[in-house]
>>> print(open('entry-v2.txt').read())   # compact mmCIF, C-alpha atoms and all ligand atoms
# COMPACT_ATOMS: atom_id res chain seq x y z
CA MET A 85 91.35 107.37 139.81
CA THR A 86 90.67 109.75 136.98
CA ASN A 87 88.55 108.60 134.10
CA ARG A 88 91.01 107.89 131.35
CA PRO A 89 90.03 107.09 127.80
CA MET A 90 90.19 103.51 126.59
CA ILE A 91 93.26 102.61 124.56
CA PRO A 92 91.77 100.46 121.81
CA ILE A 93 93.46 97.33 120.43
CA THR A 94 93.07 98.75 116.93
CA ARG A 95 92.32 102.17 115.54
CA VAL A 96 91.17 103.20 112.10
CA GLU A 97 93.01 106.22 110.78
CA ILE A 98 91.17 107.84 107.94
CA GLY A 99 91.82 111.43 107.00
CA ALA A 100 91.48 114.09 104.36
CA GLU A 101 93.38 112.08 101.74
CA GLU A 102 90.99 109.14 101.96
CA GLU A 103 88.02 111.52 101.87
CA ALA A 104 89.36 113.21 98.74
CA GLU A 105 90.00 109.90 96.96
CA VAL A 106 86.53 108.59 97.79
CA LEU A 107 84.88 111.84 96.77
CA GLU A 108 86.66 111.65 93.44
CA VAL A 109 85.18 108.19 92.86
CA LEU A 110 81.69 109.31 93.88
CA ARG A 111 81.85 112.25 91.50
CA SER A 112 83.22 110.14 88.65
CA GLY A 113 80.13 107.94 88.78
CA GLN A 114 82.30 104.84 88.32
CA LEU A 115 81.88 103.04 91.60
CA ALA A 116 82.63 99.45 90.60
CA GLN A 117 86.05 98.05 89.67
CA GLY A 118 87.95 100.69 87.71
CA PRO A 119 91.06 102.90 87.84
CA LYS A 120 91.33 103.03 91.66
CA VAL A 121 91.37 99.24 91.84
CA ALA A 122 94.06 99.20 89.14
CA ALA A 123 96.11 101.74 91.11
CA LEU A 124 95.77 99.71 94.31
CA GLU A 125 96.90 96.59 92.46
CA GLN A 126 99.92 98.49 91.13
CA ALA A 127 100.76 99.57 94.69
CA PHE A 128 100.82 95.90 95.76
CA VAL A 129 103.03 94.99 92.81
CA GLU A 130 105.43 97.67 94.05
CA LEU A 131 105.11 96.58 97.67
CA THR A 132 105.71 92.86 97.15
CA GLY A 133 107.86 92.70 94.04
CA ALA A 134 105.46 90.13 92.54
CA ARG A 135 104.63 90.64 88.86
CA HIS A 136 100.86 90.72 89.33
CA ALA A 137 98.35 91.84 91.92
CA ILE A 138 94.66 91.02 91.63
CA ALA A 139 92.21 92.80 93.90
CA VAL A 140 89.21 90.86 95.19
CA SER A 141 86.31 91.47 97.55
CA ASN A 142 87.93 90.27 100.78
CA GLY A 143 90.84 88.36 102.26
CA THR A 144 88.95 85.08 102.60
CA ILE A 145 88.03 85.21 98.92
CA SER A 146 91.64 85.96 98.06
CA LEU A 147 92.58 82.63 99.68
CA VAL A 148 89.67 80.78 98.03
CA ALA A 149 90.47 82.19 94.58
CA SER A 150 94.20 81.44 95.00
CA LEU A 151 93.38 77.80 95.69
CA GLN A 152 90.81 77.66 92.86
CA ALA A 153 93.40 79.04 90.46
CA LEU A 154 95.60 76.05 91.30
CA GLU A 155 92.85 73.71 90.01
CA LEU A 156 93.23 71.22 92.84
CA ALA A 157 92.37 67.59 92.21
CA PRO A 158 89.70 65.93 94.40
CA GLY A 159 91.23 64.83 97.70
CA ALA A 160 94.00 67.40 97.46
CA GLU A 161 95.34 68.46 100.82
CA VAL A 162 96.25 71.89 102.12
CA VAL A 163 98.75 71.83 104.98
CA THR A 164 98.42 74.84 107.24
CA SER A 165 98.69 76.14 110.79
CA PRO A 166 95.93 75.50 113.33
CA PHE A 167 96.89 78.74 115.08
CA THR A 168 95.21 81.19 112.75
CA PHE A 169 92.00 83.01 112.02
CA VAL A 170 89.38 80.49 110.87
CA ALA A 171 89.24 82.12 107.41
CA THR A 172 92.40 80.17 106.53
CA VAL A 173 90.59 76.89 107.18
CA ASN A 174 87.25 77.99 105.72
CA ALA A 175 88.92 79.08 102.49
CA ALA A 176 90.59 75.70 102.00
CA LEU A 177 87.30 73.89 102.64
CA GLU A 178 85.41 76.26 100.32
CA ALA A 179 87.93 75.47 97.58
CA GLY A 180 87.16 71.76 98.03
CA ALA A 181 90.46 70.82 99.67
CA THR A 182 91.12 68.67 102.69
CA VAL A 183 92.87 70.46 105.55
CA ARG A 184 95.78 68.96 107.45
CA PHE A 185 97.39 70.85 110.30
CA ALA A 186 101.05 71.20 111.20
CA ASP A 187 101.92 72.56 114.66
CA ILE A 188 103.56 75.91 115.34
CA ASP A 189 106.90 76.90 116.76
CA PRO A 190 106.20 77.78 120.42
CA THR A 191 108.26 80.98 120.39
CA SER A 192 107.25 82.61 117.11
CA TYR A 193 103.76 81.01 116.83
CA LEU A 194 104.55 80.47 113.14
CA ILE A 195 104.08 77.13 111.40
CA ASP A 196 107.03 74.87 112.22
CA PRO A 197 108.85 73.54 109.14
CA ASP A 198 109.65 70.29 110.98
CA ALA A 199 105.95 69.76 111.62
CA VAL A 200 105.25 70.56 107.95
CA ALA A 201 107.90 68.03 106.89
CA ALA A 202 106.08 65.40 108.97
CA ALA A 203 102.65 66.37 107.58
CA ILE A 204 103.37 66.53 103.85
CA GLY A 205 103.17 63.64 101.44
CA PRO A 206 101.84 62.62 98.04
CA SER A 207 98.38 64.10 98.79
CA THR A 208 99.77 67.53 99.64
CA ALA A 209 98.79 70.02 96.93
CA VAL A 210 99.38 73.24 98.84
CA VAL A 211 101.45 74.39 101.78
CA MET A 212 99.74 77.42 103.26
CA PRO A 213 101.82 79.22 105.89
CA VAL A 214 100.30 82.13 107.80
CA HIS A 215 102.53 85.16 108.38
CA LEU A 216 100.99 85.50 111.81
CA TYR A 217 100.88 88.82 113.69
CA GLY A 218 102.92 90.46 110.90
CA GLN A 219 105.99 88.22 110.93
CA ALA A 220 106.98 86.10 107.92
CA ALA A 221 106.90 82.33 108.27
CA ASP A 222 110.15 80.46 107.61
CA MET A 223 109.94 80.65 103.82
CA GLY A 224 113.56 79.53 103.48
CA ALA A 225 112.61 76.12 104.88
CA LEU A 226 109.03 75.93 103.61
CA MET A 227 109.62 76.60 99.90
CA PRO A 228 111.94 73.60 99.35
CA LEU A 229 109.66 71.39 101.47
CA ALA A 230 106.70 72.25 99.24
CA THR A 231 108.77 71.74 96.10
CA SER A 232 109.90 68.33 97.35
CA VAL A 233 106.34 67.00 97.10
CA GLY A 234 105.29 69.10 94.10
CA ALA A 235 103.03 71.31 96.20
CA ALA A 236 102.23 74.96 95.55
CA VAL A 237 102.63 77.59 98.25
CA VAL A 238 99.85 80.01 99.16
CA GLU A 239 100.97 82.58 101.72
CA ASP A 240 98.27 83.82 104.07
CA ALA A 241 99.68 87.33 104.35
CA ALA A 242 96.43 88.84 105.68
CA GLN A 243 98.33 90.31 108.64
CA ALA A 244 101.67 91.02 107.02
CA HIS A 245 101.61 93.86 104.48
CA GLY A 246 105.26 94.68 103.81
CA ALA A 247 106.79 91.98 106.05
CA GLU A 248 110.07 90.51 104.84
CA PHE A 249 111.95 87.23 104.95
CA GLU A 250 115.67 87.72 104.29
CA GLY A 251 115.09 90.95 102.43
CA ARG A 252 112.27 89.58 100.32
CA ARG A 253 108.69 90.69 100.79
CA VAL A 254 105.93 88.28 101.70
CA GLY A 255 103.55 87.62 98.85
CA SER A 256 106.49 87.13 96.47
CA PHE A 257 107.36 83.55 97.44
CA GLY A 258 104.22 81.67 96.51
CA ILE A 259 100.79 83.07 95.73
CA GLY A 260 100.33 85.89 98.24
CA SER A 261 96.97 86.56 99.87
CA PHE A 262 96.36 89.85 101.68
CA SER A 263 93.33 91.09 103.57
CA LEU A 264 92.19 94.71 103.57
CA TYR A 265 89.63 94.19 106.33
CA ALA A 266 89.01 97.14 108.64
CA THR A 267 91.51 96.07 111.31
CA LYS A 268 94.41 95.09 109.05
CA ASN A 269 97.59 97.15 108.52
CA VAL A 270 96.12 98.44 105.24
CA MET A 271 92.36 98.48 105.08
CA THR A 272 89.47 99.32 102.80
CA GLY A 273 86.65 98.18 105.10
CA GLU A 274 86.51 94.88 103.22
CA GLY A 275 88.93 93.85 100.51
CA GLY A 276 91.64 91.46 99.46
CA ILE A 277 94.68 91.30 97.19
CA ILE A 278 96.33 88.32 95.55
CA THR A 279 99.93 88.58 94.37
CA THR A 280 101.72 86.23 92.01
CA SER A 281 104.58 86.24 89.55
CA ASP A 282 103.01 83.40 87.56
CA ASP A 283 101.37 84.85 84.43
CA SER A 284 98.95 81.98 83.93
CA ILE A 285 97.80 81.97 87.58
CA ALA A 286 97.25 85.73 87.33
CA ASP A 287 95.25 85.28 84.14
CA ARG A 288 93.08 82.56 85.73
CA LEU A 289 92.50 84.73 88.80
CA ARG A 290 91.31 87.63 86.66
CA LEU A 291 88.93 85.29 84.85
CA LEU A 292 87.62 83.75 88.08
CA ARG A 293 87.04 87.20 89.53
CA ASN A 294 84.83 88.29 86.66
CA GLN A 295 82.44 85.42 85.85
CA GLY A 296 85.10 83.67 83.77
CA MET A 297 84.98 86.46 81.21
CA ARG A 298 87.90 87.92 79.30
CA VAL A 299 86.06 89.50 76.38
CA ARG A 300 82.53 90.72 77.04
CA TYR A 301 80.06 87.79 77.13
CA GLN A 302 82.72 85.25 76.25
CA TYR A 303 82.96 82.96 79.22
CA GLU A 304 86.09 80.82 79.33
CA VAL A 305 85.65 79.18 82.72
CA ALA A 306 82.93 78.97 85.35
CA GLY A 307 83.77 82.04 87.37
CA HIS A 308 82.33 84.20 90.07
CA ASN A 309 82.00 87.83 91.10
CA TYR A 310 85.02 88.43 93.33
CA ARG A 311 85.47 92.09 92.36
CA LEU A 312 86.50 94.95 94.64
CA THR A 313 84.93 98.38 94.10
CA ASP A 314 86.73 101.62 93.28
CA LEU A 315 85.08 103.16 96.34
CA GLN A 316 86.92 100.68 98.54
CA ALA A 317 90.20 100.86 96.63
CA ALA A 318 90.13 104.65 97.06
CA VAL A 319 90.25 104.20 100.83
CA GLY A 320 93.33 101.99 100.53
CA LEU A 321 95.44 104.14 98.21
CA PRO A 322 96.53 106.82 100.72
CA GLN A 323 97.26 104.07 103.26
CA MET A 324 99.58 102.37 100.79
CA ARG A 325 101.42 105.67 100.39
CA ARG A 326 101.78 105.94 104.18
CA LEU A 327 102.48 102.25 104.79
CA HIS A 328 106.21 102.55 105.40
CA GLU A 329 105.76 105.36 107.91
CA ARG A 330 102.93 103.52 109.66
CA THR A 331 104.92 100.29 109.83
CA GLU A 332 107.82 102.24 111.34
CA ALA A 333 105.43 103.58 113.99
CA ARG A 334 104.28 100.02 114.78
CA ARG A 335 107.91 98.92 115.02
CA ARG A 336 108.72 101.77 117.41
CA ASN A 337 105.69 100.94 119.54
CA ALA A 338 106.66 97.26 119.67
CA ALA A 339 110.19 98.21 120.75
CA GLY A 340 108.76 100.62 123.32
CA LEU A 341 106.52 97.92 124.78
CA SER A 342 109.36 95.38 124.91
CA GLU A 343 111.59 97.89 126.68
CA ARG A 344 108.93 98.51 129.32
CA LEU A 345 107.79 94.90 129.74
CA SER A 346 111.00 92.92 129.77
CA GLY A 347 111.91 91.17 133.03
CA ILE A 348 108.37 90.54 134.26
CA GLU A 349 108.05 87.09 135.75
CA GLY A 350 105.73 84.84 133.77
CA LEU A 351 105.49 87.14 130.76
CA SER A 352 107.15 86.15 127.46
CA LEU A 353 107.56 88.91 124.93
CA PRO A 354 107.37 88.60 121.15
CA THR A 355 110.57 88.83 119.14
CA GLU A 356 111.58 89.74 115.65
CA ILE A 357 113.46 86.76 114.23
CA GLN A 358 116.86 87.58 112.76
CA GLY A 359 116.52 88.27 109.02
CA ARG A 360 112.79 89.00 109.11
CA LEU A 361 111.12 92.37 109.04
CA HIS A 362 108.16 92.20 111.43
CA VAL A 363 105.31 94.63 110.65
CA TRP A 364 103.62 94.14 114.04
CA HIS A 365 100.00 93.66 113.09
CA GLN A 366 99.78 92.38 116.67
CA TYR A 367 102.11 92.58 119.65
CA THR A 368 101.41 89.24 121.31
CA VAL A 369 102.68 88.25 124.72
CA ARG A 370 102.40 84.94 126.53
CA VAL A 371 101.34 84.62 130.17
CA THR A 372 103.01 81.47 131.44
CA GLY A 373 102.42 79.25 134.49
CA ASP A 374 104.83 81.16 136.74
CA ALA A 375 102.94 84.45 136.35
CA ARG A 376 100.96 85.91 139.26
CA CYS A 377 97.70 85.26 137.45
CA ASP A 378 96.56 83.53 134.30
CA ARG A 379 95.95 84.96 130.82
CA ASP A 380 92.21 85.37 131.25
CA ALA A 381 92.73 87.35 134.45
CA VAL A 382 95.21 89.61 132.66
CA VAL A 383 92.73 90.22 129.84
CA GLU A 384 90.05 91.10 132.37
CA GLY A 385 92.35 93.32 134.44
CA LEU A 386 93.61 95.21 131.41
CA GLY A 387 90.05 95.73 130.18
CA ALA A 388 89.11 97.18 133.59
CA ALA A 389 92.13 99.51 133.36
CA GLY A 390 90.99 100.78 129.98
CA ILE A 391 93.52 98.86 127.90
CA GLY A 392 92.00 97.07 124.95
CA CYS A 393 93.51 93.68 124.31
CA GLY A 394 92.63 90.64 122.27
CA VAL A 395 93.14 86.89 122.28
CA TYR A 396 94.31 85.74 118.87
CA TYR A 397 93.39 82.91 118.96
CA PRO A 398 91.47 81.29 121.82
CA LYS A 399 91.54 77.77 120.32
CA ALA A 400 93.42 75.72 117.79
CA ALA A 401 91.30 75.73 114.64
CA TYR A 402 90.55 72.01 114.81
CA ASP A 403 89.11 72.49 118.30
CA TYR A 404 85.79 73.89 117.07
CA ASP A 405 82.74 71.67 116.57
CA SER A 406 82.42 72.91 112.99
CA TYR A 407 85.77 71.32 112.11
CA ARG A 408 86.12 68.52 114.65
CA ASP A 409 83.83 66.20 112.73
CA HIS A 410 84.28 67.74 109.31
CA PRO A 411 84.94 65.04 106.71
CA ARG A 412 87.64 67.16 105.08
CA VAL A 413 89.50 68.25 108.21
CA VAL A 414 92.11 65.74 109.28
CA GLY A 415 92.00 65.28 113.06
CA ALA A 416 95.02 66.78 114.74
CA SER A 417 96.79 67.27 118.00
CA CYS A 418 99.11 70.28 118.00
CA PRO A 419 100.23 70.81 121.60
CA HIS A 420 102.14 74.03 120.91
CA ALA A 421 99.10 75.63 119.29
CA GLU A 422 96.83 74.46 122.09
CA ARG A 423 99.11 75.85 124.76
CA ALA A 424 99.51 79.15 122.92
CA ALA A 425 95.72 79.42 122.65
CA ARG A 426 95.54 79.28 126.45
CA GLU A 427 98.39 81.69 127.12
CA VAL A 428 98.60 84.46 124.51
CA LEU A 429 97.15 87.92 124.48
CA SER A 430 97.75 90.87 122.20
CA LEU A 431 98.35 94.41 123.43
CA PRO A 432 97.75 97.59 121.43
CA VAL A 433 100.63 98.37 119.04
CA HIS A 434 98.85 100.43 116.37
CA PRO A 435 100.46 103.55 114.88
CA SER A 436 98.39 106.11 116.77
CA LEU A 437 99.69 105.15 120.23
CA THR A 438 101.63 107.82 122.12
CA GLU A 439 104.53 107.34 124.54
CA HIS A 440 102.04 108.08 127.29
CA ASP A 441 99.80 105.26 126.01
CA LEU A 442 102.77 102.87 126.10
CA ASP A 443 103.43 103.91 129.71
CA ARG A 444 99.81 103.32 130.63
CA ILE A 445 99.79 99.87 129.01
CA ALA A 446 102.99 98.89 130.84
CA GLU A 447 101.76 100.22 134.19
CA ALA A 448 98.52 98.29 133.87
CA VAL A 449 100.56 95.13 133.22
CA TYR A 450 102.78 95.85 136.29
CA VAL A 451 99.68 96.13 138.50
CA LEU A 452 98.59 92.65 137.41
CA LEU A 453 101.86 90.75 137.01
CA GLY A 454 104.35 92.76 139.06
CA ALA A 455 107.00 95.23 137.97
CA PRO A 456 110.08 94.11 136.04
CA SER A 457 112.87 92.82 138.26
C1 LIG B 501 91.85 88.66 108.34
C2 LIG B 501 92.39 87.34 108.01
C3 LIG B 501 91.89 86.58 106.94
C4 LIG B 501 90.64 86.90 106.18
O1 LIG B 501 90.53 88.15 105.67
P1 LIG B 501 89.10 88.86 105.49
O2 LIG B 501 89.43 90.05 104.67
O3 LIG B 501 88.61 89.18 106.87
O4 LIG B 501 88.20 87.91 104.78
C5 LIG B 501 92.56 85.41 106.62
N1 LIG B 501 93.61 84.98 107.32
C6 LIG B 501 94.09 85.66 108.37
C7 LIG B 501 95.29 85.13 109.10
C8 LIG B 501 93.50 86.86 108.76
O5 LIG B 501 93.99 87.53 109.81
>>> encode(input="entry-v2.txt", output="structure tokens")
Amino acid sequence: MTNRPMIPITRVEIGAEEEAEVLEVLRSGQLAQGPKVAALEQAFVELTGARHAIAVSNGTISLVASLQALELAPGAEVVTSPFTFVATVNAALEAGATVRFADIDPTSYLIDPDAVAAAIGPSTAVVMPVHLYGQAADMGALMPLATSVGAAVVEDAAQAHGAEFEGRRVGSFGIGSFSLYATKNVMTGEGGIITTSDDSIADRLRLLRNQGMRVRYQYEVAGHNYRLTDLQAAVGLPQMRRLHERTEARRRNAAGLSERLSGIEGLSLPTEIQGRLHVWHQYTVRVTGDARCDRDAVVEGLGAAGIGCGVYYPKAAYDYDSYRDHPRVVGASCPHAERAAREVLSLPVHPSLTEHDLDRIAEAVYVLLGAPS
């Protein structure tokens, strides 16, 4: 076998445009929050259709600040998915909330509105869906559910820049929280963006971000330093300009993978739900019981064949010691999330894949699970 290069699960694409933007910041001498941050915020206003975008230092902080801006009462509960990156849970705990989990839909891996309906009640202050893998949660069902108990909605859109639900962009339903971490669809190394159409929430977020200060040395609330730097924002600006094209490339790659991988016994492929625009942060398959080998063997075999893959996520969030006995995490049993955690794996879908890469990925899967029938 010839030595073929590894196909990574994610690839950073930074070019001359990013270099030029960053150089401009370096030469301006203004490295902290300034015009580049303002331009990045404007790009998110345009992307989401929300009235305001507030840049912060990372995606976890964007969730924390969103919850802080809601001024939750003690004992307030956040209802969210256990099948997510732990930042979702950590942010709710950091903001002083109690976390209650609602199980996912087994096909889309998104929080199931029926499970949310069963989990919400008078203590629910926030419903926090995760637009997992780049596909919007069922906002049509979730918004009225939240309203029915007077809860706010915070969308964890860390993986879903530009995703849509029935023609409307994520981040425009509730308070939107985006991550700009190095592996996300738009990245600045570290960074986060909050979107909202509520003027007073936006105002509070800007205060919280900057030590509670509106006018120099006049502190209106106890705030923090949540600011993003212009150096980082400069890296994100060209990516926002290319986002549509890059999302289209992800969509083509996802379609190309599905074409090659359909009909393999024991392999369930991801789907784009009717009426949602999936931005394919991850292309996540499920290796079921009737497959030739289990998920972990597929991960190992693909790794040996030079195909990077990832398991997002290996456990339901409540299944970690740090949360199992946490006084503010409500004990849960979410069988769909637990089963998904044992069976899913994500294949490369990033924009720099070639047709040849897609062939290689598919062939490596055929070797392990058999060719399509
Ligand atoms: C990446 C991510 C976050 C946190 O973002 P950071 O920028 O890494 O702090 C939160 N939620 C989800 C679902 C994520 O994927």
>>> residues_near_ligand(input="entry-v2.txt", ligand="ligand LIG 501 (chain B)", cutoff="9 Å", atoms="only C-alpha atoms and all ligand atoms", output="ChimeraX atom specification")
/A:141-147,167-173,175,214-217,240-244,261-268,271,273-276
>>> write_last_selection(input="entry-v2.txt", atoms="C-alpha atoms", output="PDB file, keeping the file's coordinate frame")
ATOM      1  CA  SER A 141      86.310  91.470  97.550  1.00  0.00           C
ATOM      2  CA  ASN A 142      87.930  90.270 100.780  1.00  0.00           C
ATOM      3  CA  GLY A 143      90.840  88.360 102.260  1.00  0.00           C
ATOM      4  CA  THR A 144      88.950  85.080 102.600  1.00  0.00           C
ATOM      5  CA  ILE A 145      88.030  85.210  98.920  1.00  0.00           C
ATOM      6  CA  SER A 146      91.640  85.960  98.060  1.00  0.00           C
ATOM      7  CA  LEU A 147      92.580  82.630  99.680  1.00  0.00           C
ATOM      8  CA  PHE A 167      96.890  78.740 115.080  1.00  0.00           C
ATOM      9  CA  THR A 168      95.210  81.190 112.750  1.00  0.00           C
ATOM     10  CA  PHE A 169      92.000  83.010 112.020  1.00  0.00           C
ATOM     11  CA  VAL A 170      89.380  80.490 110.870  1.00  0.00           C
ATOM     12  CA  ALA A 171      89.240  82.120 107.410  1.00  0.00           C
ATOM     13  CA  THR A 172      92.400  80.170 106.530  1.00  0.00           C
ATOM     14  CA  VAL A 173      90.590  76.890 107.180  1.00  0.00           C
ATOM     15  CA  ALA A 175      88.920  79.080 102.490  1.00  0.00           C
ATOM     16  CA  VAL A 214     100.300  82.130 107.800  1.00  0.00           C
ATOM     17  CA  HIS A 215     102.530  85.160 108.380  1.00  0.00           C
ATOM     18  CA  LEU A 216     100.990  85.500 111.810  1.00  0.00           C
ATOM     19  CA  TYR A 217     100.880  88.820 113.690  1.00  0.00           C
ATOM     20  CA  ASP A 240      98.270  83.820 104.070  1.00  0.00           C
ATOM     21  CA  ALA A 241      99.680  87.330 104.350  1.00  0.00           C
ATOM     22  CA  ALA A 242      96.430  88.840 105.680  1.00  0.00           C
ATOM     23  CA  GLN A 243      98.330  90.310 108.640  1.00  0.00           C
ATOM     24  CA  ALA A 244     101.670  91.020 107.020  1.00  0.00           C
ATOM     25  CA  SER A 261      96.970  86.560  99.870  1.00  0.00           C
ATOM     26  CA  PHE A 262      96.360  89.850 101.680  1.00  0.00           C
ATOM     27  CA  SER A 263      93.330  91.090 103.570  1.00  0.00           C
ATOM     28  CA  LEU A 264      92.190  94.710 103.570  1.00  0.00           C
ATOM     29  CA  TYR A 265      89.630  94.190 106.330  1.00  0.00           C
ATOM     30  CA  ALA A 266      89.010  97.140 108.640  1.00  0.00           C
ATOM     31  CA  THR A 267      91.510  96.070 111.310  1.00  0.00           C
ATOM     32  CA  LYS A 268      94.410  95.090 109.050  1.00  0.00           C
ATOM     33  CA  MET A 271      92.360  98.480 105.080  1.00  0.00           C
ATOM     34  CA  GLY A 273      86.650  98.180 105.100  1.00  0.00           C
ATOM     35  CA  GLU A 274      86.510  94.880 103.220  1.00  0.00           C
ATOM     36  CA  GLY A 275      88.930  93.850 100.510  1.00  0.00           C
ATOM     37  CA  GLY A 276      91.640  91.460  99.460  1.00  0.00           C
TER      38      GLY A 276
END
>>> residues_around(input="entry-v2.txt", residues="Asp222 (chain A)", least_positions_apart="2", cutoff="8 Å", atoms="only C-alpha atoms", output="list in words")
Leu194, Ile195, Asp196, Pro197, Ala220, Gly224, Ala225, Leu226 and Phe249 of chain A
>>> closest_residue(input="entry-v2.txt", among="A:Thr191, A:Asn269, A:Ser284, A:Gln117", to="Ala153 (chain A)", atoms="all atoms listed in the file")
A:Ser284
>>> closest_residue(input="entry-v2.txt", among="A:Val363, A:Val299, A:Leu124, A:Leu154", to="Ile285 (chain A)", atoms="all atoms listed in the file")
A:Leu154
>>> residues_around(input="entry-v2.txt", residues="Ala446 (chain A)", least_positions_apart="3", cutoff="8 Å", atoms="only C-alpha atoms", output="list in words")
Leu341, Arg344, Leu345, Leu442, Asp443, Val449 and Tyr450 of chain A
>>> residues_near_point(input="entry-v2.txt", point="(98.5, 67.8, 116.5)", cutoff="8 Å", atoms="all atoms listed in the file", output="count of residues only")
8
>>> closest_residue(input="entry-v2.txt", among="A:Ala448, A:Ala306, A:Leu315, A:Val413", to="Ala160 (chain A)", atoms="only C-alpha atoms")
A:Val413
>>> atom_distance(input="entry-v2.txt", atom1="CA of Ile259 (chain A)", atom2="CA of Thr279 (chain A)")
5.7 Å
>>> atom_distance(input="entry-v2.txt", atom1="CA of Tyr407 (chain A)", atom2="CA of Glu161 (chain A)")
15.1 Å
>>> residues_around(input="entry-v2.txt", residues="Arg360 (chain A)", least_positions_apart="5", cutoff="9 Å", atoms="only C-alpha atoms", output="list in words")
Gln219, Ala220, Ala221, Ala247, Glu248, Phe249, Glu250, Gly251 and Arg252 of chain A
>>> atom_distance(input="entry-v2.txt", atom1="CA of Ile445 (chain A)", atom2="CA of Ile91 (chain A)")
8.4 Å
>>> residues_around(input="entry-v2.txt", residues="region 423-436 of chain A", least_positions_apart="3", cutoff="6 Å", atoms="all atoms listed in the file", output="list in words")
Ile93, Arg330, Ala333, Arg334, Asn337, Tyr367, Thr368, Val369, Arg370, Val371, Arg379, Cys393, Gly394, Val395, Tyr397, Pro398, Lys399 and His420 of chain A
>>> closest_residue(input="entry-v2.txt", among="A:Gly320, A:Gly296, A:Gly350, A:Gly385", to="Ile98 (chain A)", atoms="only C-alpha atoms")
A:Gly320
>>> residues_around(input="entry-v2.txt", residues="Glu304 (chain A)", least_positions_apart="2", cutoff="10 Å", atoms="only C-alpha atoms", output="list in words")
Arg288, Leu291, Leu292, Gln295, Gly296, Met297, Arg298, Val299, Tyr301, Gln302, Ala306 and Gly307 of chain A
>>> write_last_selection(input="entry-v2.txt", atoms="C-alpha atoms", output="PDB file, keeping the file's coordinate frame")
ATOM      1  CA  ARG A 288      93.080  82.560  85.730  1.00  0.00           C
ATOM      2  CA  LEU A 291      88.930  85.290  84.850  1.00  0.00           C
ATOM      3  CA  LEU A 292      87.620  83.750  88.080  1.00  0.00           C
ATOM      4  CA  GLN A 295      82.440  85.420  85.850  1.00  0.00           C
ATOM      5  CA  GLY A 296      85.100  83.670  83.770  1.00  0.00           C
ATOM      6  CA  MET A 297      84.980  86.460  81.210  1.00  0.00           C
ATOM      7  CA  ARG A 298      87.900  87.920  79.300  1.00  0.00           C
ATOM      8  CA  VAL A 299      86.060  89.500  76.380  1.00  0.00           C
ATOM      9  CA  TYR A 301      80.060  87.790  77.130  1.00  0.00           C
ATOM     10  CA  GLN A 302      82.720  85.250  76.250  1.00  0.00           C
ATOM     11  CA  ALA A 306      82.930  78.970  85.350  1.00  0.00           C
ATOM     12  CA  GLY A 307      83.770  82.040  87.370  1.00  0.00           C
TER      13      GLY A 307
END
>>> closest_residue(input="entry-v2.txt", among="A:Ser457, A:Ala421, A:Gln366, A:Arg336", to="Glu349 (chain A)", atoms="only C-alpha atoms")
A:Ser457
>>> closest_residue(input="entry-v2.txt", among="A:Ala149, A:Ala338, A:Val210, A:Val254", to="Arg290 (chain A)", atoms="all atoms listed in the file")
A:Ala149
>>> build_atoms(input="entry-v2.txt", residues="region 213-220 of chain A", atoms="N, CA, C and O atoms", output="PDB file, in the frame of the given file")
ATOM      1  N   PRO A 213     101.379  78.601 104.640  1.00  0.00           N
ATOM      2  CA  PRO A 213     101.820  79.220 105.890  1.00  0.00           C
ATOM      3  C   PRO A 213     101.050  80.522 106.144  1.00  0.00           C
ATOM      4  O   PRO A 213     100.575  81.163 105.202  1.00  0.00           O
ATOM      5  N   VAL A 214     100.938  80.872 107.410  1.00  0.00           N
ATOM      6  CA  VAL A 214     100.300  82.130 107.800  1.00  0.00           C
ATOM      7  C   VAL A 214     101.403  83.022 108.376  1.00  0.00           C
ATOM      8  O   VAL A 214     102.122  82.603 109.283  1.00  0.00           O
ATOM      9  N   HIS A 215     101.529  84.217 107.842  1.00  0.00           N
ATOM     10  CA  HIS A 215     102.530  85.160 108.380  1.00  0.00           C
ATOM     11  C   HIS A 215     101.887  85.861 109.575  1.00  0.00           C
ATOM     12  O   HIS A 215     101.461  87.009 109.505  1.00  0.00           O
ATOM     13  N   LEU A 216     101.817  85.099 110.673  1.00  0.00           N
ATOM     14  CA  LEU A 216     100.990  85.500 111.810  1.00  0.00           C
ATOM     15  C   LEU A 216     101.517  86.722 112.542  1.00  0.00           C
ATOM     16  O   LEU A 216     102.726  86.832 112.779  1.00  0.00           O
ATOM     17  N   TYR A 217     100.610  87.596 112.905  1.00  0.00           N
ATOM     18  CA  TYR A 217     100.880  88.820 113.690  1.00  0.00           C
ATOM     19  C   TYR A 217     101.742  89.827 112.926  1.00  0.00           C
ATOM     20  O   TYR A 217     102.128  90.855 113.482  1.00  0.00           O
ATOM     21  N   GLY A 218     102.080  89.531 111.665  1.00  0.00           N
ATOM     22  CA  GLY A 218     102.920  90.460 110.900  1.00  0.00           C
ATOM     23  C   GLY A 218     104.346  89.996 110.706  1.00  0.00           C
ATOM     24  O   GLY A 218     105.172  90.744 110.200  1.00  0.00           O
ATOM     25  N   GLN A 219     104.639  88.749 111.124  1.00  0.00           N
ATOM     26  CA  GLN A 219     105.990  88.220 110.930  1.00  0.00           C
ATOM     27  C   GLN A 219     105.967  87.082 109.902  1.00  0.00           C
ATOM     28  O   GLN A 219     105.097  86.205 109.960  1.00  0.00           O
ATOM     29  N   ALA A 220     106.925  87.108 108.983  1.00  0.00           N
ATOM     30  CA  ALA A 220     106.980  86.100 107.920  1.00  0.00           C
ATOM     31  C   ALA A 220     107.259  84.723 108.496  1.00  0.00           C
ATOM     32  O   ALA A 220     108.096  84.567 109.389  1.00  0.00           O
TER      33      ALA A 220
END
